[in-house]
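Heads up, coords.pdb below (PDB, C-alpha atoms and all ligand atoms):
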ATOM      1  CA  MET A1186      73.299  53.337  61.205
ATOM      2  CA  ILE A1187      73.683  50.517  58.707
ATOM      3  CA  ALA A1188      73.677  53.071  55.867
ATOM      4  CA  ASP A1189      77.105  54.213  57.100
ATOM      5  CA  ILE A1190      78.659  50.882  56.271
ATOM      6  CA  SER A1191      76.782  49.849  53.148
ATOM      7  CA  ARG A1192      75.330  51.483  50.068
ATOM      8  CA  LEU A1193      72.334  50.325  48.119
ATOM      9  CA  SER A1194      74.115  50.177  44.770
ATOM     10  CA  LEU A1195      77.230  48.075  44.807
ATOM     11  CA  ASP A1196      80.139  48.395  42.423
ATOM     12  CA  TYR A1197      81.292  44.822  42.901
ATOM     13  CA  LYS A1198      79.907  41.341  42.464
ATOM     14  CA  LEU A1199      81.883  39.920  45.352
ATOM     15  CA  CYS A1200      82.015  42.286  48.276
ATOM     16  CA  GLU A1201      83.116  42.461  51.851
ATOM     17  CA  LYS A1202      80.280  41.529  54.195
ATOM     18  CA  THR A1203      79.117  42.329  57.688
ATOM     19  CA  PHE A1204      76.074  41.615  59.857
ATOM     20  CA  ARG A1205      72.798  43.340  59.055
ATOM     21  CA  GLY A1206      72.297  44.145  62.754
ATOM     22  CA  SER A1207      73.338  42.921  66.182
ATOM     23  CA  ILE A1208      72.541  39.580  67.803
ATOM     24  CA  TYR A1209      73.730  37.710  70.874
ATOM     25  CA  ALA A1210      73.772  34.343  72.597
ATOM     26  CA  VAL A1211      74.563  33.136  76.095
ATOM     27  CA  GLY A1212      76.533  30.006  76.920
ATOM     28  CA  VAL A1213      79.163  28.708  79.304
ATOM     29  CA  GLY A1214      82.933  29.070  79.070
ATOM     30  CA  LEU A1215      84.543  25.660  78.557
ATOM     31  CA  HIS A1216      87.272  26.188  81.141
ATOM     32  CA  SER A1217      85.704  28.613  83.600
ATOM     33  CA  GLY A1218      82.264  27.018  83.553
ATOM     34  CA  ALA A1219      80.911  30.582  83.965
ATOM     35  CA  LYS A1220      77.892  31.823  82.029
ATOM     36  CA  THR A1221      79.005  34.293  79.392
ATOM     37  CA  LYS A1222      77.425  36.366  76.625
ATOM     38  CA  ILE A1223      78.705  36.762  73.080
ATOM     39  CA  SER A1224      77.274  39.448  70.789
ATOM     40  CA  PHE A1225      77.871  40.116  67.132
ATOM     41  CA  HIS A1226      77.798  43.606  65.622
ATOM     42  CA  PRO A1227      78.266  45.148  62.175
ATOM     43  CA  ALA A1228      81.639  46.760  61.452
ATOM     44  CA  PRO A1229      82.888  49.074  58.694
ATOM     45  CA  VAL A1230      84.852  47.979  55.621
ATOM     46  CA  GLY A1231      88.431  47.066  56.448
ATOM     47  CA  THR A1232      87.766  46.200  60.120
ATOM     48  CA  GLY A1233      88.304  42.459  59.836
ATOM     49  CA  ILE A1234      87.125  40.235  62.695
ATOM     50  CA  VAL A1235      87.711  42.037  65.974
ATOM     51  CA  PHE A1236      86.903  40.611  69.412
ATOM     52  CA  ARG A1237      86.173  43.128  72.168
ATOM     53  CA  ARG A1238      86.528  42.084  75.820
ATOM     54  CA  VAL A1239      83.734  44.241  77.225
ATOM     55  CA  ASP A1240      84.691  43.261  80.787
ATOM     56  CA  VAL A1241      88.093  44.948  80.317
ATOM     57  CA  THR A1242      87.804  48.709  80.716
ATOM     58  CA  ASP A1243      91.244  49.859  81.881
ATOM     59  CA  LYS A1244      93.210  49.003  78.718
ATOM     60  CA  ASN A1245      92.801  48.323  75.026
ATOM     61  CA  ASN A1246      90.166  45.582  74.903
ATOM     62  CA  GLU A1247      90.185  44.991  71.124
ATOM     63  CA  ILE A1248      91.832  41.854  69.747
ATOM     64  CA  LYS A1249      92.022  41.311  66.004
ATOM     65  CA  ALA A1250      91.603  37.689  64.941
ATOM     66  CA  SER A1251      94.819  37.479  62.964
ATOM     67  CA  TYR A1252      97.403  34.675  62.753
ATOM     68  CA  GLU A1253      99.938  37.132  64.180
ATOM     69  CA  ASN A1254      97.834  37.576  67.328
ATOM     70  CA  VAL A1255      97.519  33.874  68.165
ATOM     71  CA  VAL A1256      99.123  33.543  71.593
ATOM     72  CA  ASP A1257      98.138  30.032  72.685
ATOM     73  CA  THR A1258      97.101  26.916  70.778
ATOM     74  CA  ARG A1259      97.319  24.230  73.450
ATOM     75  CA  LEU A1260      93.656  23.461  74.010
ATOM     76  CA  CYS A1261      92.021  25.911  71.633
ATOM     77  CA  THR A1262      92.950  28.967  69.601
ATOM     78  CA  CYS A1263      93.551  31.982  71.822
ATOM     79  CA  TYR A1264      94.097  35.485  70.455
ATOM     80  CA  GLY A1265      95.764  38.271  72.412
ATOM     81  CA  ASN A1266      96.667  41.926  71.930
ATOM     82  CA  ALA A1267      99.836  43.855  72.827
ATOM     83  CA  GLU A1268      98.446  44.665  76.277
ATOM     84  CA  GLY A1269      97.953  41.016  77.130
ATOM     85  CA  VAL A1270      94.159  40.998  76.783
ATOM     86  CA  ARG A1271      93.056  37.600  75.510
ATOM     87  CA  VAL A1272      90.086  35.732  74.132
ATOM     88  CA  SER A1273      90.170  31.956  73.882
ATOM     89  CA  THR A1274      88.147  29.151  72.266
ATOM     90  CA  ALA A1275      87.613  31.374  69.228
ATOM     91  CA  GLU A1276      87.972  28.701  66.534
ATOM     92  CA  HIS A1277      84.352  27.528  66.228
ATOM     93  CA  VAL A1278      82.909  30.996  65.838
ATOM     94  CA  MET A1279      85.755  31.813  63.438
ATOM     95  CA  ALA A1280      84.779  28.786  61.319
ATOM     96  CA  ALA A1281      81.186  30.003  61.024
ATOM     97  CA  LEU A1282      82.376  33.520  60.146
ATOM     98  CA  TYR A1283      84.674  32.162  57.438
ATOM     99  CA  ALA A1284      81.996  29.895  55.964
ATOM    100  CA  TYR A1285      79.432  32.714  55.880
ATOM    101  CA  GLY A1286      81.925  35.102  54.247
ATOM    102  CA  VAL A1287      81.761  37.626  57.102
ATOM    103  CA  THR A1288      84.685  39.967  56.463
ATOM    104  CA  ASN A1289      83.990  42.645  59.068
ATOM    105  CA  ALA A1290      82.535  42.197  62.542
ATOM    106  CA  TYR A1291      82.865  43.247  66.134
ATOM    107  CA  ILE A1292      82.369  40.358  68.519
ATOM    108  CA  ASP A1293      81.836  41.339  72.132
ATOM    109  CA  VAL A1294      82.615  38.830  74.868
ATOM    110  CA  GLN A1295      82.118  39.348  78.590
ATOM    111  CA  GLY A1296      85.132  37.349  79.698
ATOM    112  CA  PRO A1297      88.222  35.521  78.451
ATOM    113  CA  GLU A1298      86.325  32.756  76.638
ATOM    114  CA  VAL A1299      83.931  32.492  73.718
ATOM    115  CA  PRO A1300      81.049  30.362  75.053
ATOM    116  CA  ILE A1301      81.382  26.753  73.953
ATOM    117  CA  MET A1302      77.645  26.421  73.107
ATOM    118  CA  ASP A1303      77.072  22.745  72.161
ATOM    119  CA  GLY A1304      80.727  22.235  71.184
ATOM    120  CA  SER A1305      80.027  22.778  67.494
ATOM    121  CA  ALA A1306      79.420  25.838  65.268
ATOM    122  CA  GLN A1307      75.749  25.266  64.585
ATOM    123  CA  ASP A1308      74.460  27.807  67.106
ATOM    124  CA  PHE A1309      76.681  30.484  65.561
ATOM    125  CA  ALA A1310      75.478  29.556  62.055
ATOM    126  CA  PHE A1311      71.887  29.793  63.328
ATOM    127  CA  LEU A1312      72.547  33.268  64.767
ATOM    128  CA  PHE A1313      74.068  34.433  61.468
ATOM    129  CA  ASP A1314      71.053  33.095  59.574
ATOM    130  CA  CYS A1315      68.765  34.994  61.961
ATOM    131  CA  VAL A1316      70.555  38.342  61.828
ATOM    132  CA  GLY A1317      71.466  38.205  58.127
ATOM    133  CA  LEU A1318      74.401  39.700  56.287
ATOM    134  CA  ILE A1319      74.812  42.757  54.108
ATOM    135  CA  GLU A1320      77.242  43.356  51.296
ATOM    136  CA  GLN A1321      79.516  46.351  51.725
ATOM    137  CA  ASN A1322      80.866  48.557  49.008
ATOM    138  CA  ALA A1323      84.375  47.162  48.877
ATOM    139  CA  PRO A1324      85.682  44.441  46.571
ATOM    140  CA  LEU A1325      86.296  41.057  48.167
ATOM    141  CA  LYS A1326      89.937  40.111  48.109
ATOM    142  CA  ALA A1327      91.459  36.692  48.674
ATOM    143  CA  VAL A1328      94.785  35.049  49.412
ATOM    144  CA  ARG A1329      95.638  32.867  46.428
ATOM    145  CA  ILE A1330      98.193  30.142  47.129
ATOM    146  CA  LYS A1331     100.865  30.192  44.415
ATOM    147  CA  LYS A1332     103.106  27.374  45.613
ATOM    148  CA  GLU A1333     102.907  24.623  48.181
ATOM    149  CA  VAL A1334     103.813  25.458  51.761
ATOM    150  CA  VAL A1335     104.237  22.731  54.356
ATOM    151  CA  PHE A1336     104.702  22.641  58.115
ATOM    152  CA  GLU A1337     105.725  19.438  59.917
ATOM    153  CA  ASP A1338     106.279  19.071  63.636
ATOM    154  CA  GLY A1339     108.531  16.006  63.368
ATOM    155  CA  LYS A1340     106.062  14.032  65.529
ATOM    156  CA  GLY A1341     103.703  12.875  62.792
ATOM    157  CA  ALA A1342     101.595  15.981  62.254
ATOM    158  CA  VAL A1343     101.782  17.609  58.812
ATOM    159  CA  VAL A1344      99.845  20.531  57.352
ATOM    160  CA  SER A1345     100.069  22.020  53.888
ATOM    161  CA  LEU A1346      98.445  24.499  51.548
ATOM    162  CA  LYS A1347      98.610  23.955  47.799
ATOM    163  CA  PRO A1348      97.395  26.005  44.822
ATOM    164  CA  ALA A1349      93.828  25.347  43.650
ATOM    165  CA  GLU A1350      91.611  26.654  40.862
ATOM    166  CA  LYS A1351      89.045  28.191  43.161
ATOM    167  CA  GLY A1352      87.691  28.163  46.699
ATOM    168  CA  LEU A1353      88.997  26.279  49.701
ATOM    169  CA  THR A1354      89.221  22.511  49.978
ATOM    170  CA  ILE A1355      90.073  20.819  53.270
ATOM    171  CA  ASP A1356      91.489  17.316  53.296
ATOM    172  CA  PHE A1357      91.851  15.956  56.830
ATOM    173  CA  ASP A1358      93.152  12.690  58.202
ATOM    174  CA  ILE A1359      93.181  11.641  61.864
ATOM    175  CA  GLU A1360      94.247   8.534  63.693
ATOM    176  CA  PHE A1361      93.601   7.917  67.385
ATOM    177  CA  ALA A1362      94.395   4.883  69.493
ATOM    178  CA  ALA A1363      90.921   5.139  71.043
ATOM    179  CA  GLY A1364      88.825   2.635  69.120
ATOM    180  CA  ALA A1365      85.759   4.898  69.126
ATOM    181  CA  ILE A1366      87.662   7.407  66.951
ATOM    182  CA  GLY A1367      90.226   5.264  65.100
ATOM    183  CA  HIS A1368      91.218   6.350  61.600
ATOM    184  CA  GLN A1369      89.003   8.853  59.781
ATOM    185  CA  SER A1370      89.617  10.961  56.681
ATOM    186  CA  LEU A1371      87.476  13.310  54.641
ATOM    187  CA  VAL A1372      87.848  15.794  51.790
ATOM    188  CA  PHE A1373      85.523  18.770  51.999
ATOM    189  CA  ASP A1374      84.832  21.636  49.548
ATOM    190  CA  LEU A1375      83.833  24.664  51.574
ATOM    191  CA  THR A1376      80.741  26.691  50.742
ATOM    192  CA  GLN A1377      78.281  28.264  53.147
ATOM    193  CA  LYS A1378      75.749  25.588  52.228
ATOM    194  CA  SER A1379      78.138  22.632  52.546
ATOM    195  CA  PHE A1380      79.414  23.982  55.872
ATOM    196  CA  LYS A1381      75.902  24.155  57.308
ATOM    197  CA  LYS A1382      75.001  20.713  56.053
ATOM    198  CA  GLU A1383      78.213  18.743  56.622
ATOM    199  CA  ILE A1384      80.424  20.448  59.206
ATOM    200  CA  ALA A1385      78.712  22.998  61.474
ATOM    201  CA  TYR A1386      77.092  20.364  63.721
ATOM    202  CA  ALA A1387      80.304  18.419  64.435
ATOM    203  CA  ARG A1388      81.162  18.717  68.126
ATOM    204  CA  THR A1389      84.517  19.006  69.798
ATOM    205  CA  PHE A1390      85.750  15.822  71.446
ATOM    206  CA  ALA A1391      87.971  14.699  74.273
ATOM    207  CA  GLN A1392      89.094  11.494  75.867
ATOM    208  CA  LEU A1393      87.936  10.787  79.405
ATOM    209  CA  GLN A1394      91.450  10.609  80.847
ATOM    210  CA  GLU A1395      92.305  14.011  79.260
ATOM    211  CA  ILE A1396      89.282  15.596  80.899
ATOM    212  CA  GLU A1397      90.222  14.175  84.283
ATOM    213  CA  MET A1398      93.739  15.579  83.868
ATOM    214  CA  LEU A1399      92.442  19.013  82.748
ATOM    215  CA  ARG A1400      90.050  19.184  85.688
ATOM    216  CA  SER A1401      92.897  18.424  88.085
ATOM    217  CA  MET A1402      94.681  21.444  86.511
ATOM    218  CA  GLY A1403      91.648  23.670  87.147
ATOM    219  CA  LEU A1404      90.569  23.645  83.495
ATOM    220  CA  CYS A1405      87.542  22.348  81.639
ATOM    221  CA  HIS A1406      85.020  23.136  84.415
ATOM    222  CA  GLY A1407      82.345  23.997  81.858
ATOM    223  CA  GLY A1408      82.990  20.830  79.836
ATOM    224  CA  SER A1409      80.176  18.314  79.891
ATOM    225  CA  LEU A1410      78.405  15.792  77.718
ATOM    226  CA  GLU A1411      76.268  18.723  76.587
ATOM    227  CA  ASN A1412      79.169  20.425  74.812
ATOM    228  CA  ALA A1413      81.650  17.707  73.843
ATOM    229  CA  ILE A1414      81.818  14.129  72.708
ATOM    230  CA  VAL A1415      83.584  12.188  75.437
ATOM    231  CA  VAL A1416      85.420   9.063  74.377
ATOM    232  CA  ASN A1417      86.535   6.251  76.653
ATOM    233  CA  GLY A1418      88.452   3.712  74.565
ATOM    234  CA  GLU A1419      85.898   1.920  72.417
ATOM    235  CA  SER A1420      82.916   3.767  73.876
ATOM    236  CA  ILE A1421      81.189   7.077  73.382
ATOM    237  CA  MET A1422      79.956   8.298  76.769
ATOM    238  CA  ASN A1423      77.259  10.633  75.412
ATOM    239  CA  PRO A1424      73.922   8.840  75.735
ATOM    240  CA  GLU A1425      72.687  10.263  72.422
ATOM    241  CA  GLY A1426      75.772   8.923  70.593
ATOM    242  CA  LEU A1427      77.332  10.599  67.568
ATOM    243  CA  ARG A1428      75.693  13.015  65.132
ATOM    244  CA  HIS A1429      77.617  11.318  62.310
ATOM    245  CA  GLN A1430      79.935   8.317  62.133
ATOM    246  CA  THR A1431      82.770  10.646  61.077
ATOM    247  CA  GLU A1432      81.873  13.484  63.452
ATOM    248  CA  PHE A1433      85.466  13.543  64.777
ATOM    249  CA  VAL A1434      87.177  14.306  61.466
ATOM    250  CA  ARG A1435      84.349  16.705  60.610
ATOM    251  CA  HIS A1436      85.130  18.631  63.775
ATOM    252  CA  LYS A1437      88.818  18.713  62.850
ATOM    253  CA  ILE A1438      87.764  20.240  59.510
ATOM    254  CA  LEU A1439      85.637  22.785  61.404
ATOM    255  CA  ASP A1440      88.669  23.721  63.535
ATOM    256  CA  ALA A1441      90.887  24.014  60.431
ATOM    257  CA  ILE A1442      88.393  26.359  58.732
ATOM    258  CA  GLY A1443      88.265  28.518  61.861
ATOM    259  CA  ASP A1444      92.041  28.607  62.140
ATOM    260  CA  LEU A1445      92.463  29.418  58.441
ATOM    261  CA  GLY A1446      90.186  32.399  59.156
ATOM    262  CA  GLN A1447      93.245  33.908  60.856
ATOM    263  CA  ALA A1448      94.483  34.748  57.345
ATOM    264  CA  GLY A1449      91.985  37.640  57.397
ATOM    265  CA  LEU A1450      90.852  36.936  53.834
ATOM    266  CA  PRO A1451      89.363  33.875  52.153
ATOM    267  CA  ILE A1452      91.977  31.450  50.844
ATOM    268  CA  ILE A1453      92.054  30.088  47.308
ATOM    269  CA  GLY A1454      93.857  26.837  47.889
ATOM    270  CA  SER A1455      93.781  23.283  49.063
ATOM    271  CA  PHE A1456      94.551  22.573  52.725
ATOM    272  CA  GLN A1457      95.677  19.208  53.986
ATOM    273  CA  GLY A1458      95.953  18.282  57.643
ATOM    274  CA  VAL A1459      97.307  14.979  58.935
ATOM    275  CA  ARG A1460      96.946  14.477  62.700
ATOM    276  CA  SER A1461      97.316  18.224  63.084
ATOM    277  CA  GLY A1462      95.787  20.766  65.430
ATOM    278  CA  HIS A1463      95.502  24.488  66.120
ATOM    279  CA  PHE A1464      99.247  24.959  66.583
ATOM    280  CA  HIS A1465     100.066  23.476  63.173
ATOM    281  CA  THR A1466      97.532  25.511  61.205
ATOM    282  CA  ASN A1467      98.802  28.706  62.832
ATOM    283  CA  ALA A1468     102.426  27.734  62.104
ATOM    284  CA  LEU A1469     101.446  27.028  58.479
ATOM    285  CA  LEU A1470      99.957  30.506  58.075
ATOM    286  CA  ARG A1471     103.054  32.071  59.613
ATOM    287  CA  THR A1472     105.182  30.079  57.114
ATOM    288  CA  LEU A1473     102.940  31.138  54.226
ATOM    289  CA  PHE A1474     102.951  34.846  55.008
ATOM    290  CA  ALA A1475     106.718  34.838  55.617
ATOM    291  CA  ASP A1476     107.266  33.821  51.972
ATOM    292  CA  SER A1477     105.910  36.458  49.583
ATOM    293  CA  SER A1478     106.492  34.158  46.596
ATOM    294  CA  ALA A1479     104.041  31.579  48.024
ATOM    295  CA  TYR A1480     100.888  33.683  47.758
ATOM    296  CA  GLU A1481      99.297  36.750  46.227
ATOM    297  CA  ILE A1482      96.392  38.947  47.255
ATOM    298  CA  ILE A1483      93.851  39.066  44.455
ATOM    299  CA  ASP A1484      90.604  40.935  43.833
ATOM    300  CA  LEU A1485      88.047  38.184  43.246
ATOM    301  CA  ASN A1486      86.021  40.470  40.950
ATOM    302  CA  GLU A1487      88.942  40.595  38.520
ATOM    303  CA  THR A1488      89.046  36.798  38.544
ATOM    304  CA  ILE A1489      85.345  36.753  37.610
ATOM    305  CA  GLU A1490      85.955  39.191  34.747
ATOM    306  CA  GLU A1491      88.828  37.053  33.474
ATOM    307  CA  ASN A1492      86.642  33.940  33.593
ATOM    308  CA  GLU A1493      83.790  35.727  31.835
ATOM    309  CA  SER A1494      86.079  36.914  29.020
ATOM    310  CA  ALA A1495      87.523  33.403  28.789
ATOM    311  CA  ILE A1496      83.967  32.086  28.361
ATOM    312  CA  ALA A1497      83.259  34.783  25.727
ATOM    313  CA  VAL A1498      86.371  33.747  23.773
ATOM    314  CA  ALA A1499      85.470  30.063  23.968
TER
HETATM  315 ZN    ZN A1501      87.238  22.571  67.998
END
Would you mind giving the structure from this file in structure tokens?
Amino acid sequence: MIADISRLSLDYKLCEKTFRGSIYAVGVGLHSGAKTKISFHPAPVGTGIVFRRVDVTDKNNEIKASYENVVDTRLCTCYGNAEGVRVSTAEHVMAALYAYGVTNAYIDVQGPEVPIMDGSAQDFAFLFDCVGLIEQNAPLKAVRIKKEVVFEDGKGAVVSLKPAEKGLTIDFDIEFAAGAIGHQSLVFDLTQKSFKKEIAYARTFAQLQEIEMLRSMGLCHGGSLENAIVVNGESIMNPEGLRHQTEFVRHKILDAIGDLGQAGLPIIGSFQGVRSGHFHTNALLRTLFADSSAYEIIDLNETIEENESAIAVA
């Protein structure tokens, strides 16, 4: 079956990628608290990242993870299709997919939420390491940022994308009144290796009073100290403490990577987020793709050839 989507001899150095086989995990939904299964499957060239709600059988259950299909960003990133079928809390798995360079995949979920796992992306990264990836016979393309695009919400949150020589850099800055979080900033150059080492383990976080409010609204039933850092003013309520002193800003970087995955292709550029969240990153991508002079779609193999000839000339 895999032979249908990949050939042994590849014409390109940088190719689209998919999973070598299928793999699954079981976890709880953050809001429902219900046990739910997520499974990852190979997909042909050109598919992109497509969620399939396997519990929905009476209408189109496929939802492409594209910036245009983001329908809610209040507590997480939620994608929806034209028939109103949704999948939420997709950002952590999207971050792992982006970091691993997975271009094509079907992701089956049994309900409206991707399981929260431990609140980070490390379980997804582990699954991808276990199942492995294969290169597909299609050149890898990228979105290269040609000029700066900015989105501001007028309330202190700013996001931007600027041109860069290569790859994706994330520069994030947060400031919270809660003393346990405070002010944190970090600049991160994304590679699969750096993601696994520096970002994948960073858990989502919430303040105690937010959780109490969400619970009163019927949300966050699956949230616990096993899948989030809970902050109460100066204190961290998790008995094991933090995984890193700057785990909070690292998680914001994880979220930004996942949300930038909505572009559908890797981004060559430098992202900056100041006190921003899912809504802002989505709005930034909508701003970017509305301005055709701000970006171009390039074949990364041609970039390699150009660099190689530049080296030959030097
Ligand atoms: Zn998150």
Quick one: contact table of chain A to ligand ZN 1501 (chain A), 12 Å max, nearest atom pair and distance in Å to one decimal per residue, counting all atoms listed in the file, chain and number order, as a Markdown table?
| residue | atom | partner | partner_atom | distance |
| --- | --- | --- | --- | --- |
| A:Leu1215 | CA | A:ZN1501 | ZN | 11.3 |
| A:Thr1258 | CA | A:ZN1501 | ZN | 11.1 |
| A:Arg1259 | CA | A:ZN1501 | ZN | 11.6 |
| A:Leu1260 | CA | A:ZN1501 | ZN | 8.8 |
| A:Cys1261 | CA | A:ZN1501 | ZN | 6.9 |
| A:Thr1262 | CA | A:ZN1501 | ZN | 8.7 |
| A:Cys1263 | CA | A:ZN1501 | ZN | 12.0 |
| A:Ser1273 | CA | A:ZN1501 | ZN | 11.5 |
| A:Thr1274 | CA | A:ZN1501 | ZN | 7.9 |
| A:Ala1275 | CA | A:ZN1501 | ZN | 8.9 |
| A:Glu1276 | CA | A:ZN1501 | ZN | 6.3 |
| A:His1277 | CA | A:ZN1501 | ZN | 6.0 |
| A:Val1278 | CA | A:ZN1501 | ZN | 9.7 |
| A:Met1279 | CA | A:ZN1501 | ZN | 10.4 |
| A:Ala1280 | CA | A:ZN1501 | ZN | 9.4 |
| A:Ala1281 | CA | A:ZN1501 | ZN | 11.9 |
| A:Val1299 | CA | A:ZN1501 | ZN | 11.9 |
| A:Ile1301 | CA | A:ZN1501 | ZN | 9.3 |
| A:Met1302 | CA | A:ZN1501 | ZN | 11.5 |
| A:Asp1303 | CA | A:ZN1501 | ZN | 11.0 |
| A:Gly1304 | CA | A:ZN1501 | ZN | 7.3 |
| A:Ser1305 | CA | A:ZN1501 | ZN | 7.2 |
| A:Ala1306 | CA | A:ZN1501 | ZN | 8.9 |
| A:Ile1384 | CA | A:ZN1501 | ZN | 11.3 |
| A:Ala1385 | CA | A:ZN1501 | ZN | 10.7 |
| A:Tyr1386 | CA | A:ZN1501 | ZN | 11.2 |
| A:Ala1387 | CA | A:ZN1501 | ZN | 8.8 |
| A:Arg1388 | CA | A:ZN1501 | ZN | 7.2 |
| A:Thr1389 | CA | A:ZN1501 | ZN | 4.8 |
| A:Phe1390 | CA | A:ZN1501 | ZN | 7.7 |
| A:Ala1391 | CA | A:ZN1501 | ZN | 10.1 |
| A:Asn1412 | CA | A:ZN1501 | ZN | 10.8 |
| A:Ala1413 | CA | A:ZN1501 | ZN | 9.4 |
| A:Ile1414 | CA | A:ZN1501 | ZN | 11.1 |
| A:Glu1432 | CA | A:ZN1501 | ZN | 11.5 |
| A:Phe1433 | CA | A:ZN1501 | ZN | 9.7 |
| A:Val1434 | CA | A:ZN1501 | ZN | 10.5 |
| A:Arg1435 | CA | A:ZN1501 | ZN | 9.9 |
| A:His1436 | CA | A:ZN1501 | ZN | 6.1 |
| A:Lys1437 | CA | A:ZN1501 | ZN | 6.6 |
| A:Ile1438 | CA | A:ZN1501 | ZN | 8.8 |
| A:Leu1439 | CA | A:ZN1501 | ZN | 6.8 |
| A:Asp1440 | CA | A:ZN1501 | ZN | 4.8 |
| A:Ala1441 | CA | A:ZN1501 | ZN | 8.5 |
| A:Ile1442 | CA | A:ZN1501 | ZN | 10.1 |
| A:Gly1443 | CA | A:ZN1501 | ZN | 8.6 |
| A:Asp1444 | CA | A:ZN1501 | ZN | 9.7 |
| A:Gly1462 | CA | A:ZN1501 | ZN | 9.1 |
| A:His1463 | CA | A:ZN1501 | ZN | 8.7 |
Given the file above and the PyMOL selection byres (((chain A and resi 1266) around 9) and not hetatm), which residues are selected, and can you give them as a VMD selection string?
chain A and resid 1245 to 1249 1254 to 1256 1264 to 1265 1267 to 1271
Here's the selection I'm unsure about, the PyMOL selection byres (((chain A and resi 1196) around 8) and not hetatm); applied to the file above, which residues does it give, as a PDB file with C-alpha atoms, in the frame of the given file?
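File produced: expr39.pdb:
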ATOM      1  CA  SER A1194      74.115  50.177  44.770  1.00  0.00           C
ATOM      2  CA  LEU A1195      77.230  48.075  44.807  1.00  0.00           C
ATOM      3  CA  TYR A1197      81.292  44.822  42.901  1.00  0.00           C
ATOM      4  CA  LYS A1198      79.907  41.341  42.464  1.00  0.00           C
ATOM      5  CA  ASN A1322      80.866  48.557  49.008  1.00  0.00           C
ATOM      6  CA  ALA A1323      84.375  47.162  48.877  1.00  0.00           C
ATOM      7  CA  PRO A1324      85.682  44.441  46.571  1.00  0.00           C
TER       8      PRO A1324
END
Just give me the gap between atom CA of A:Ile1223 and atom CA of A:His1406 in Å, one decimal is fine.
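Calculated distance between atom CA of A:Ile1223 and atom CA of A:His1406 is 18.8 Å.
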How many Å lie between atom CA of A:Val1328 and atom CA of A:Ser1477, rounded to one decimal?
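Atom-to-atom, atom CA of A:Val1328 and atom CA of A:Ser1477 are spaced 11.2 Å apart.
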Skipping near chain neighbours, those fewer than 3 positions away, what residues fall within 12 Å of A:Lys1222 using all atoms listed in the file, listed as an NGL selection string?
:A and (1208-1214 or 1219 or 1225 or 1237-1240 or 1292-1302)
Would you compute the box with edges along x, y and z of the file around stretch 1405-1412 of chain A, including every atom the file lists for it and 8 Å extra on each side, and give its centre and edge lengths in Å to one decimal, as lines of an AutoDock Vina configuration file?
center_x = 81.9
center_y = 19.9
center_z = 79.6
size_x = 27.3
size_y = 24.2
size_z = 25.6
Figure out the distance between atom CA of A:Ser1478 and atom CA of A:Lys1332, please, to one decimal in Å.
7.6 Å
Emit stretch 1401-1409 of chain A of the structure in the block as a file comprising N, CA, C and O atoms, as a short mmCIF file (atom, residue, chain, number, x, y, z; two decimals), in the first residue's frame.
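Generated output (selection.cif):
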data_model
loop_
_atom_site.label_atom_id
_atom_site.label_comp_id
_atom_site.auth_asym_id
_atom_site.auth_seq_id
_atom_site.Cartn_x
_atom_site.Cartn_y
_atom_site.Cartn_z
N SER A 1401 -17.29 26.16 35.37
CA SER A 1401 -18.66 26.62 35.62
C SER A 1401 -19.41 26.77 34.29
O SER A 1401 -20.64 26.76 34.25
N MET A 1402 -18.64 26.91 33.17
CA MET A 1402 -19.27 27.01 31.84
C MET A 1402 -19.40 25.63 31.19
O MET A 1402 -19.75 25.53 30.01
N GLY A 1403 -19.05 24.58 31.91
CA GLY A 1403 -19.16 23.23 31.36
C GLY A 1403 -17.97 22.83 30.51
O GLY A 1403 -18.02 21.85 29.77
N LEU A 1404 -16.88 23.60 30.60
CA LEU A 1404 -15.68 23.29 29.81
C LEU A 1404 -14.58 22.76 30.72
O LEU A 1404 -14.70 22.81 31.94
N CYS A 1405 -13.54 22.25 30.09
CA CYS A 1405 -12.31 21.90 30.81
C CYS A 1405 -12.48 20.72 31.78
O CYS A 1405 -11.72 20.58 32.73
N HIS A 1406 -13.47 19.83 31.52
CA HIS A 1406 -13.68 18.70 32.43
C HIS A 1406 -12.53 17.71 32.42
O HIS A 1406 -12.34 16.97 33.40
N GLY A 1407 -11.79 17.65 31.30
CA GLY A 1407 -10.66 16.72 31.24
C GLY A 1407 -9.38 17.35 31.74
O GLY A 1407 -8.34 16.69 31.81
N GLY A 1408 -9.41 18.65 32.06
CA GLY A 1408 -8.20 19.34 32.50
C GLY A 1408 -7.80 18.92 33.91
O GLY A 1408 -8.66 18.80 34.78
N SER A 1409 -6.53 18.63 34.08
CA SER A 1409 -6.05 18.25 35.40
C SER A 1409 -4.58 18.58 35.49
O SER A 1409 -3.96 19.01 34.52
#
